[in-house]
Amino acid sequence: MDKKRSGLTGLEEVDVEASGSIFVAREMVRRPLHRIPYSFPCISVDGHTDGWICKRYEVEGCEVIWAIKDKAIGNTFFDAGAAEFLISKLHSGKDEAQLAQKRTRYTTEGRQKAARSRASAGELGSALGPDWHEGLSLKGTRECSRHVHIEPLCEVKAIYLQEEFRGLGRKSLSFPRDLHGPTSPTADQDLWPVYVELTNEKLYGCDFIISATGVVPNTQPFLHGNEFDVGEDGGLRVDEHMRTSLPDVYAAGDLCSASWKPSPVWQQMRLWTQARQMGWYAAKCMAADLLGDPIDMDFSFELFAHVTKFFNYKVVLLGKYNAQGLGAEHELMLRCTQGLEYVKAVLQDGRMVGAVLIGETDLEETFENLILNQMDLSPYGEDLLDPSVDIEDYFD
């Protein structure tokens, strides 16, 4: 390292590894598709991020075959109950107004020409988070709602172009029409540009494929000739000030592995929001070190919090939202109103340590305070999630 002070970020230095989820889109009518490319720069929730799962709901006018490696969708974020709550929205034909986005939006407006020239030269830019699809049409040529079929517990075995498929002498399957019961597979008479064979031996033709991937820290360019300490997950180990094991070298985002003793209600996940927080905090730490000033751990590392949108529902994940690392010593409290909201609170020793909030629950601020304050909630029992009780009155 020639420079006195260096910063490494995982936002751009990320390698990807397939994580067993594939999105296959088929046009409802055999006319030219809106020119959506065959290869999308997308990341699935099955691979630890939410860049694409929320977009599956926004695709219209297409048949969608969604192959996942787990029993239910969104295994990284949701339990089976929350997944079932969301699946019902996939099969609804009702058009809805999109939720207003109150966060900062990231776009490439005004930079398309430069981006195209860099892309043609093989250069990649930084991530746009959930805004990666801006400017792309996610609507097919037929004016109808989405048709989604889920193939669970499988992965991609092989991908064939049309010419390769013809040489196989096999038949592909038509789109399953009965979405709510078992179906006998029928042969598809159409020819498609590309075909996907799954590990459950099913073969589908489609217009394009979106590969859903996970993230693996791409540390190899930095390990050559250097002696960085590497975490079990392959990331560069960093301390509470984002410093690596080498003097004056910092790392942040997907590239790093948080190696300090974390807060009991925080965990590292390779999400674009967390990478952004780490990069911002690493810059503060470098400046403080240069000036010789002390610096405290940033508040964003006190409590894991992620706000996103899935299937046009607002989704808030707090703390140990899936009881990560709690073993059997925890309690779950649930409240579900189909089509409206899903609320899950995770308690340990009578104190809230995590929560999943789907829909307009208006509980995020209250639950965040309860997790941070570690108030004993045992006296409130089931009233904690009673919809007829305004729990904010309890904690004013």
# chains A, B, ... in the order shown; residues from 1 in each chain; ligands from 1
>>> select_by_dssp(residues="segment 284-382 of chain A", states="strand (DSSP E)", output="number ranges by chain")
A: 305-310, 313-319, 331-337, 341-348, 351-358
>>> closest_atom_pairs(of="segment 270-382 of chain A", to="segment 253-261 of chain A", cutoff="8 Å", atoms="only C-alpha atoms", output="CSV")
residue,atom,partner,partner_atom,distance
A:Arg270,CA,A:Asp254,CA,5.4
A:Leu271,CA,A:Asp254,CA,7.7
A:Trp272,CA,A:Gly253,CA,7.9
A:Gln274,CA,A:Gly253,CA,6.9
A:Ala275,CA,A:Gly253,CA,3.8
A:Arg276,CA,A:Gly253,CA,6.9
A:Met278,CA,A:Gly253,CA,5.7
A:Gly279,CA,A:Gly253,CA,6.4
>>> write_last_selection(atoms="all heavy atoms", output="PDB file, in the first residue's frame")
ATOM      1  N   ARG A 270     -25.299  -8.044   4.518  1.00  0.00           N
ATOM      2  CA  ARG A 270     -24.752  -7.334   3.364  1.00  0.00           C
ATOM      3  C   ARG A 270     -25.877  -6.706   2.546  1.00  0.00           C
ATOM      4  O   ARG A 270     -26.253  -7.178   1.471  1.00  0.00           O
ATOM      5  CB  ARG A 270     -23.864  -8.272   2.549  1.00  0.00           C
ATOM      6  CG  ARG A 270     -22.548  -8.507   3.290  1.00  0.00           C
ATOM      7  CD  ARG A 270     -21.577  -9.378   2.551  1.00  0.00           C
ATOM      8  NE  ARG A 270     -20.265  -9.235   3.158  1.00  0.00           N
ATOM      9  CZ  ARG A 270     -19.839  -9.950   4.205  1.00  0.00           C
ATOM     10  NH1 ARG A 270     -20.632 -10.848   4.749  1.00  0.00           N
ATOM     11  NH2 ARG A 270     -18.630  -9.748   4.714  1.00  0.00           N
ATOM     12  N   LEU A 271     -26.419  -5.634   3.115  1.00  0.00           N
ATOM     13  CA  LEU A 271     -27.470  -4.836   2.509  1.00  0.00           C
ATOM     14  C   LEU A 271     -26.897  -3.498   2.072  1.00  0.00           C
ATOM     15  O   LEU A 271     -25.957  -2.989   2.686  1.00  0.00           O
ATOM     16  CB  LEU A 271     -28.603  -4.601   3.511  1.00  0.00           C
ATOM     17  CG  LEU A 271     -29.336  -5.843   4.008  1.00  0.00           C
ATOM     18  CD1 LEU A 271     -30.166  -5.508   5.229  1.00  0.00           C
ATOM     19  CD2 LEU A 271     -30.219  -6.406   2.907  1.00  0.00           C
ATOM     20  N   TRP A 272     -27.480  -2.898   1.046  1.00  0.00           N
ATOM     21  CA  TRP A 272     -26.946  -1.636   0.544  1.00  0.00           C
ATOM     22  C   TRP A 272     -27.064  -0.539   1.598  1.00  0.00           C
ATOM     23  O   TRP A 272     -26.208   0.336   1.687  1.00  0.00           O
ATOM     24  CB  TRP A 272     -27.656  -1.248  -0.752  1.00  0.00           C
ATOM     25  CG  TRP A 272     -29.068  -0.800  -0.588  1.00  0.00           C
ATOM     26  CD1 TRP A 272     -30.170  -1.600  -0.496  1.00  0.00           C
ATOM     27  CD2 TRP A 272     -29.531   0.546  -0.499  1.00  0.00           C
ATOM     28  NE1 TRP A 272     -31.294  -0.832  -0.338  1.00  0.00           N
ATOM     29  CE2 TRP A 272     -30.935   0.493  -0.344  1.00  0.00           C
ATOM     30  CE3 TRP A 272     -28.905   1.789  -0.537  1.00  0.00           C
ATOM     31  CZ2 TRP A 272     -31.716   1.635  -0.232  1.00  0.00           C
ATOM     32  CZ3 TRP A 272     -29.690   2.928  -0.422  1.00  0.00           C
ATOM     33  CH2 TRP A 272     -31.074   2.843  -0.269  1.00  0.00           C
ATOM     34  N   GLN A 274     -26.853  -0.872   4.898  1.00  0.00           N
ATOM     35  CA  GLN A 274     -25.816  -1.056   5.908  1.00  0.00           C
ATOM     36  C   GLN A 274     -24.435  -0.710   5.345  1.00  0.00           C
ATOM     37  O   GLN A 274     -23.587  -0.136   6.046  1.00  0.00           O
ATOM     38  CB  GLN A 274     -25.837  -2.497   6.429  1.00  0.00           C
ATOM     39  CG  GLN A 274     -25.130  -2.675   7.752  1.00  0.00           C
ATOM     40  CD  GLN A 274     -25.345  -4.062   8.328  1.00  0.00           C
ATOM     41  OE1 GLN A 274     -24.686  -5.015   7.918  1.00  0.00           O
ATOM     42  NE2 GLN A 274     -26.265  -4.177   9.274  1.00  0.00           N
ATOM     43  N   ALA A 275     -24.203  -1.042   4.075  1.00  0.00           N
ATOM     44  CA  ALA A 275     -22.932  -0.679   3.442  1.00  0.00           C
ATOM     45  C   ALA A 275     -22.767   0.837   3.408  1.00  0.00           C
ATOM     46  O   ALA A 275     -21.670   1.366   3.625  1.00  0.00           O
ATOM     47  CB  ALA A 275     -22.872  -1.267   2.032  1.00  0.00           C
ATOM     48  N   ARG A 276     -23.856   1.543   3.118  1.00  0.00           N
ATOM     49  CA  ARG A 276     -23.800   3.008   3.094  1.00  0.00           C
ATOM     50  C   ARG A 276     -23.471   3.561   4.479  1.00  0.00           C
ATOM     51  O   ARG A 276     -22.662   4.489   4.628  1.00  0.00           O
ATOM     52  CB  ARG A 276     -25.137   3.562   2.602  1.00  0.00           C
ATOM     53  CG  ARG A 276     -25.171   5.073   2.466  1.00  0.00           C
ATOM     54  CD  ARG A 276     -26.537   5.542   2.019  1.00  0.00           C
ATOM     55  NE  ARG A 276     -27.566   5.154   2.967  1.00  0.00           N
ATOM     56  CZ  ARG A 276     -28.868   5.391   2.797  1.00  0.00           C
ATOM     57  NH1 ARG A 276     -29.276   5.978   1.683  1.00  0.00           N
ATOM     58  NH2 ARG A 276     -29.742   5.029   3.700  1.00  0.00           N
ATOM     59  N   MET A 278     -21.858   2.015   6.879  1.00  0.00           N
ATOM     60  CA  MET A 278     -20.469   1.696   7.186  1.00  0.00           C
ATOM     61  C   MET A 278     -19.499   2.636   6.478  1.00  0.00           C
ATOM     62  O   MET A 278     -18.502   3.077   7.064  1.00  0.00           O
ATOM     63  CB  MET A 278     -20.164   0.245   6.791  1.00  0.00           C
ATOM     64  CG  MET A 278     -20.717  -0.796   7.733  1.00  0.00           C
ATOM     65  SD  MET A 278     -20.216  -2.446   7.186  1.00  0.00           S
ATOM     66  CE  MET A 278     -20.610  -3.401   8.655  1.00  0.00           C
ATOM     67  N   GLY A 279     -19.779   2.942   5.202  1.00  0.00           N
ATOM     68  CA  GLY A 279     -18.898   3.835   4.464  1.00  0.00           C
ATOM     69  C   GLY A 279     -18.858   5.228   5.072  1.00  0.00           C
ATOM     70  O   GLY A 279     -17.792   5.843   5.194  1.00  0.00           O
TER      71      GLY A 279
END
>>> residues_around(residues="Asp376 of chain A", least_positions_apart="3", cutoff="10 Å", atoms="only C-alpha atoms", output="list in words")
Leu347, Gln348, Asp349, Gly350, Arg351, Met352, Leu370, Asn373, Pro379 and Tyr380 of chain A
>>> residues_around(residues="Gln162 of chain A", least_positions_apart="5", cutoff="8 Å", atoms="only C-alpha atoms", output="PyMOL selection string")
chain A and resi 191-195
>>> residues_around(residues="Lys284 of chain A", least_positions_apart="4", cutoff="12 Å", atoms="only C-alpha atoms", output="list of chain:residue names")
A:Gly7, A:His241, A:Met242, A:Arg243, A:Tyr250, A:Ala252, A:Gln277, A:Met278, A:Gly279, A:Trp280, A:Ala288, A:Asp289, A:Leu290, A:Leu291, A:Gly292, A:Asp293, A:Pro294, A:Ile295, A:Asp296, A:Met297, A:Asp298
